[in-house]
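Single-structure report; data block below.
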Amino acid sequence: MTARGSMTIGQVGLDIPLTVPESGSWSGDTLSLSGTLGDQSTDRRIANTLRDQFHGLAARDGDILPATFGDTPDLDGYYVLRRPRVESTGASWESGVWDWSCELERVRSSAQVMQEMRLLGAGRTNSHTFTTVRRGWYSPGVGAYGVDDGTGTINPPTRQYRTGADGSMLVVVDNPSGALFLSNTTQVARWFVAPNDHYRGQVSIARAVAGTYCRVVGEQIPAGNTGLWSLGNSLVAVLGSTTASKAEFVMLWHAGAGYESAKTMRITSDSSWTEFGYGPVGMQILRNRADMGWLRVYYGALGRAALFSLDVVLRRGARHVEFKWTTYGGELGTTAAWGVKLASAEASTTFTSGVRAASADAAGNKYWISSPVSVSADTTNGRLRASSAAASWSFAVGAEMAGAGAGFDQFTDQVYQYMGALRTRQRAVLA
């Protein structure tokens, strides 16, 4: 095999180039590859990040992943990943150049591997009136074709599109009229997607490296990036913050031409909207899949017997991000009337379960905040909190984009989608 340019193996090579090796060997349908990561001219931090990304493939050993081969597109397809390795020698650490190898077993008719997602009908337990009006939904991402999800049946779901950084993305939502289709039973959606489109519109976790955000592959994240992280799906992004002694994050939404409407938000700890006073101290990645990202940021202070966490969950196709704040007790107690506020006040109005902007911002968009539990609001400043003290508090932040039509992308329907979120799991199907 001879090839040039950059290749991708799963998520590796998507935002930091992975050079196609000059040669490889075939044994039947199995391609054995080896090469190097980085070179003497590459920023050491970038080379180490590419190494971390390749190590992230270790958990995918035996999985079916898309692979693309730069200027040899006839090799593009879906492959079973075998034995991904990076040699970590003293010389490698000294030079920042790492030797890698893996085997890719080509799946027969590999360009036609079907993707399948199981949708487990449910709905978020809540203290409001969201029962029949909550919307089950899912998204196969960008470039999906042949989508089979029961659309031709009685009370079929509604197919609509959201446009983000990666292009137009299909989102399938329960029809608001009649019985709900996706939410009430276990459904299976199936589709096809080309290897080079597989990760378009996907959920991606990234960390700051050398002044830019680089993708995290798998569930490993090096120390030292506690506040410098991002979670996005090309429609909405949430960024971590290193602001001292604050549980803070920043939200942005993509309107088709670029990200806009940046909102800095902070956790509050009582009915007086006091800003929580500890900074980030650690984090975990709990899920890092194409259809869902889930990370947990921990907060505390040196010498203080108190620990807190903020779960951040994003699903493919969503314009909103889900959060859960949790206290593990300690010297500050086990419960509080937890809340969230905008760092720069923006007036809001109330609705069942939350608040939304009273008027559009400079980009023409309106934020909303919702929670499944009983809440209290400060509409002057744009704040929402739990009405009662508790050890944890769940909420979501989204935005109604400029020109949003009736249903689907209006804030009311987005809240229905938050309350009706389905558990999903995607896999490749060979037979």
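The chains in the structure tokens are called A, B, ... from first to last as shown; in each chain the residues are counted from 1, and the ligands are counted from 1 in the order shown.
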Subject >> All strand (DSSP E) residues (DSSP, backbone) inside stretch 5-218 of chain A, as an MDAnalysis selection string >> reply: chainID A and resid 6:9 18:19 24:27 30:37 64:69 77:87 98:106 114:120 137:141 145:148 158:164 167:173 187:192 204:209 212:215
**OP:** Fewer than 5 positions away in the same chain doesn't count, so skip those; otherwise give me all residues within 12 Å of A:Tyr199, counting only C-alpha atoms, as a PyMOL selection string.
**Re:** chain A and resi 8-15+65-68+140-144+166-167+169+193-194+204+215+233-234+289-292+316
Subject >> Nearby residues (only C-alpha atoms) at most 12 Å from A:Ser92, same-chain spacing under 6 positions excluded, as a VMD selection string >> reply: chain A and resid 36 to 40 44 47 to 48 51 86 98 to 100
Please, could you write that set of residues out with C-alpha atoms as a CSV table (one decimal), in the first residue's frame?
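Once everything was written out, this is result_32.csv:
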chain,number,residue,atom,x,y,z
A,36,THR,CA,5.3,7.7,13.9
A,37,LEU,CA,3.4,10.3,15.8
A,38,GLY,CA,4.9,13.8,15.7
A,39,ASP,CA,8.4,14.9,14.5
A,40,GLN,CA,11.2,17.1,15.7
A,44,ARG,CA,5.8,18.6,21.9
A,47,ALA,CA,2.7,15.3,19.7
A,48,ASN,CA,1.9,14.2,23.2
A,51,ARG,CA,-0.2,10.0,21.5
A,86,VAL,CA,2.2,3.3,21.1
A,98,TRP,CA,6.3,8.1,19.1
A,99,ASP,CA,6.1,4.8,17.2
A,100,TRP,CA,2.6,3.4,16.7
Subject >> Contacts of A:Ser261 at 9 Å (only C-alpha atoms; same-chain gap of 3+ positions) as a ChimeraX atom specification >> reply: /A:251-254,361-367,399
**OP:** Mind checking which residues fall within 10 Å of A:Arg296, counting only C-alpha atoms, ignoring those fewer than 5 positions away in the same chain, and posting them as an MDAnalysis selection string?
**Re:** chainID A and resid 282:287 309:313 323:325
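The neighbours of stretch 329-336 of chain A here are the residues that come within 9 Å of it, using only C-alpha atoms and leaving out any residue fewer than 2 positions away in the same chain; they are Ser269, Asp270, Ser271, Arg304, Ala305, Ala306, Leu307, Phe308, Thr327, Trp338, Ala386, Ser388, Ala389, Ala390, Ala391 and Ser392 of chain A.
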Please produce an output containing C-alpha atoms for each residue in the selection, written as a PDB file, in the first residue's frame.
ATOM      1  CA  SER A 269     -25.676  28.138  46.901  1.00  0.00           C
ATOM      2  CA  ASP A 270     -28.647  29.695  48.688  1.00  0.00           C
ATOM      3  CA  SER A 271     -31.887  31.657  48.382  1.00  0.00           C
ATOM      4  CA  ARG A 304     -11.462  22.205  53.383  1.00  0.00           C
ATOM      5  CA  ALA A 305     -13.521  19.073  54.098  1.00  0.00           C
ATOM      6  CA  ALA A 306     -16.038  19.550  51.300  1.00  0.00           C
ATOM      7  CA  LEU A 307     -16.408  18.115  47.794  1.00  0.00           C
ATOM      8  CA  PHE A 308     -18.862  18.969  45.014  1.00  0.00           C
ATOM      9  CA  THR A 327     -22.689  17.884  47.126  1.00  0.00           C
ATOM     10  CA  TRP A 338     -28.720  25.198  44.729  1.00  0.00           C
ATOM     11  CA  ALA A 386     -34.403  24.753  43.537  1.00  0.00           C
ATOM     12  CA  SER A 388     -36.110  23.387  48.523  1.00  0.00           C
ATOM     13  CA  ALA A 389     -32.691  22.471  49.868  1.00  0.00           C
ATOM     14  CA  ALA A 390     -31.327  19.186  48.535  1.00  0.00           C
ATOM     15  CA  ALA A 391     -28.051  17.308  48.099  1.00  0.00           C
ATOM     16  CA  SER A 392     -28.262  17.599  44.292  1.00  0.00           C
TER      17      SER A 392
END
Original post:
Pick from A:Glu322, A:Glu103, A:Asp76, A:Asp174: nearest to A:Gln160, with only C-alpha atoms counted?
Top reply: A:Asp174
Please, which residues in stretch 128-247 of chain A fall within 9 Å of stretch 116-120 of chain A when counting only C-alpha atoms, and what is the closest atom pair and distance in Å to one decimal for each, ordered by chain then residue number, as JSON lines?
{"residue": "A:Gly136", "atom": "CA", "partner": "A:Leu119", "partner_atom": "CA", "distance": 8.9}
{"residue": "A:Trp137", "atom": "CA", "partner": "A:Leu119", "partner_atom": "CA", "distance": 8.6}
{"residue": "A:Tyr138", "atom": "CA", "partner": "A:Leu119", "partner_atom": "CA", "distance": 8.0}
{"residue": "A:Pro140", "atom": "CA", "partner": "A:Met117", "partner_atom": "CA", "distance": 8.4}
{"residue": "A:Leu182", "atom": "CA", "partner": "A:Leu119", "partner_atom": "CA", "distance": 7.3}
{"residue": "A:Ser183", "atom": "CA", "partner": "A:Leu120", "partner_atom": "CA", "distance": 7.5}
{"residue": "A:Asn184", "atom": "CA", "partner": "A:Leu120", "partner_atom": "CA", "distance": 8.5}
{"residue": "A:Thr185", "atom": "CA", "partner": "A:Leu120", "partner_atom": "CA", "distance": 6.9}
{"residue": "A:Thr186", "atom": "CA", "partner": "A:Leu120", "partner_atom": "CA", "distance": 4.8}
{"residue": "A:Gln187", "atom": "CA", "partner": "A:Leu119", "partner_atom": "CA", "distance": 5.0}
{"residue": "A:Val188", "atom": "CA", "partner": "A:Arg118", "partner_atom": "CA", "distance": 4.6}
{"residue": "A:Ala189", "atom": "CA", "partner": "A:Met117", "partner_atom": "CA", "distance": 5.2}
{"residue": "A:Arg190", "atom": "CA", "partner": "A:Glu116", "partner_atom": "CA", "distance": 4.5}
{"residue": "A:Trp191", "atom": "CA", "partner": "A:Glu116", "partner_atom": "CA", "distance": 6.7}
{"residue": "A:Phe192", "atom": "CA", "partner": "A:Glu116", "partner_atom": "CA", "distance": 8.8}
May I have the selected residues written with N, CA and C atoms, as a PDB file, in the first residue's frame?
ATOM      1  N   GLY A 136     -39.879  12.534  23.205  1.00  0.00           N
ATOM      2  CA  GLY A 136     -38.750  11.672  22.934  1.00  0.00           C
ATOM      3  C   GLY A 136     -38.113  12.102  21.616  1.00  0.00           C
ATOM      4  N   TRP A 137     -36.811  11.952  21.482  1.00  0.00           N
ATOM      5  CA  TRP A 137     -36.145  12.384  20.261  1.00  0.00           C
ATOM      6  C   TRP A 137     -34.773  11.732  20.153  1.00  0.00           C
ATOM      7  N   TYR A 138     -34.183  11.803  18.967  1.00  0.00           N
ATOM      8  CA  TYR A 138     -32.807  11.362  18.756  1.00  0.00           C
ATOM      9  C   TYR A 138     -32.298  12.001  17.474  1.00  0.00           C
ATOM     10  N   PRO A 140     -29.343  11.071  14.206  1.00  0.00           N
ATOM     11  CA  PRO A 140     -28.277  10.236  13.650  1.00  0.00           C
ATOM     12  C   PRO A 140     -27.066  11.049  13.196  1.00  0.00           C
ATOM     13  N   LEU A 182     -41.925   7.573  19.944  1.00  0.00           N
ATOM     14  CA  LEU A 182     -40.596   7.192  20.417  1.00  0.00           C
ATOM     15  C   LEU A 182     -40.560   6.942  21.910  1.00  0.00           C
ATOM     16  N   SER A 183     -41.376   7.670  22.681  1.00  0.00           N
ATOM     17  CA  SER A 183     -41.251   7.664  24.134  1.00  0.00           C
ATOM     18  C   SER A 183     -41.908   6.481  24.823  1.00  0.00           C
ATOM     19  N   ASN A 184     -42.872   5.853  24.177  1.00  0.00           N
ATOM     20  CA  ASN A 184     -43.700   4.889  24.898  1.00  0.00           C
ATOM     21  C   ASN A 184     -43.270   3.439  24.747  1.00  0.00           C
ATOM     22  N   THR A 185     -42.364   3.151  23.836  1.00  0.00           N
ATOM     23  CA  THR A 185     -41.905   1.780  23.656  1.00  0.00           C
ATOM     24  C   THR A 185     -40.415   1.788  23.365  1.00  0.00           C
ATOM     25  N   THR A 186     -39.817   0.602  23.364  1.00  0.00           N
ATOM     26  CA  THR A 186     -38.422   0.486  22.964  1.00  0.00           C
ATOM     27  C   THR A 186     -38.350   0.498  21.444  1.00  0.00           C
ATOM     28  N   GLN A 187     -37.662   1.480  20.897  1.00  0.00           N
ATOM     29  CA  GLN A 187     -37.552   1.622  19.456  1.00  0.00           C
ATOM     30  C   GLN A 187     -36.113   1.395  19.026  1.00  0.00           C
ATOM     31  N   VAL A 188     -35.959   1.028  17.747  1.00  0.00           N
ATOM     32  CA  VAL A 188     -34.634   0.895  17.153  1.00  0.00           C
ATOM     33  C   VAL A 188     -34.609   1.734  15.888  1.00  0.00           C
ATOM     34  N   ALA A 189     -33.653   2.641  15.792  1.00  0.00           N
ATOM     35  CA  ALA A 189     -33.454   3.431  14.574  1.00  0.00           C
ATOM     36  C   ALA A 189     -32.208   2.904  13.866  1.00  0.00           C
ATOM     37  N   ARG A 190     -32.269   2.856  12.541  1.00  0.00           N
ATOM     38  CA  ARG A 190     -31.137   2.349  11.756  1.00  0.00           C
ATOM     39  C   ARG A 190     -30.861   3.303  10.605  1.00  0.00           C
ATOM     40  N   TRP A 191     -29.578   3.437  10.246  1.00  0.00           N
ATOM     41  CA  TRP A 191     -29.217   4.288   9.126  1.00  0.00           C
ATOM     42  C   TRP A 191     -27.823   3.905   8.630  1.00  0.00           C
ATOM     43  N   PHE A 192     -27.442   4.505   7.511  1.00  0.00           N
ATOM     44  CA  PHE A 192     -26.109   4.355   6.960  1.00  0.00           C
ATOM     45  C   PHE A 192     -25.438   5.723   6.933  1.00  0.00           C
TER      46      PHE A 192
END
Original post:
In Å, how far is it from atom CA of A:Gln426 to atom CA of A:Ile64?
Top reply: 11.6 Å
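Restricting the calculation to only C-alpha atoms, the smallest distance between A:Thr412 and any of A:Ser376, A:Thr242, A:Gly300, A:Arg134 is found for A:Arg134.
Take atom CA of A:Arg83 and atom CA of A:Leu50: the distance between them is 17.2 Å.
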Original post:
Pick from A:Trp93, A:Arg106, A:Gly218, A:Gly317: nearest to A:Arg200, with only C-alpha atoms counted?
Top reply: A:Gly317
If you run DSSP over the backbone, which residues in stretch 60-94 of chain A end up alpha helix (DSSP H)? Put them as an mmCIF file with C-alpha atoms, in the first residue's frame.
data_model
loop_
_atom_site.group_PDB
_atom_site.id
_atom_site.type_symbol
_atom_site.label_atom_id
_atom_site.label_comp_id
_atom_site.auth_asym_id
_atom_site.auth_seq_id
_atom_site.Cartn_x
_atom_site.Cartn_y
_atom_site.Cartn_z
ATOM 1 C CA GLY A 90 12.961 6.998 26.886
ATOM 2 C CA ALA A 91 13.977 8.195 23.441
ATOM 3 C CA SER A 92 10.329 8.901 22.599
ATOM 4 C CA TRP A 93 9.866 11.075 25.661
ATOM 5 C CA GLU A 94 13.106 12.860 24.795
#
Original post:
Which of these residues is nearest to A:Met265, using only C-alpha atoms: A:Gly56, A:Gly240, A:Gly164, A:Pro195?
Top reply: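 Among the listed residues, the smallest separation from A:Met265 belongs to A:Gly240.
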Subject >> Minimum-distance residue to A:Ala402, chosen among A:Ser374, A:Ser359, A:Thr268, A:Gln53 (using only C-alpha atoms) >> reply: A:Ser359
Original post:
Distance atom CA of A:Val236-atom CA of A:Trp393, one decimal place?
Top reply: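 Spanning atom CA of A:Val236 to atom CA of A:Trp393 is a straight-line distance of 21.8 Å.
Nearest residue to A:Arg425 among A:Ser139, A:Val80, A:Val97, A:Leu342 is A:Ser139, counting only C-alpha atoms.
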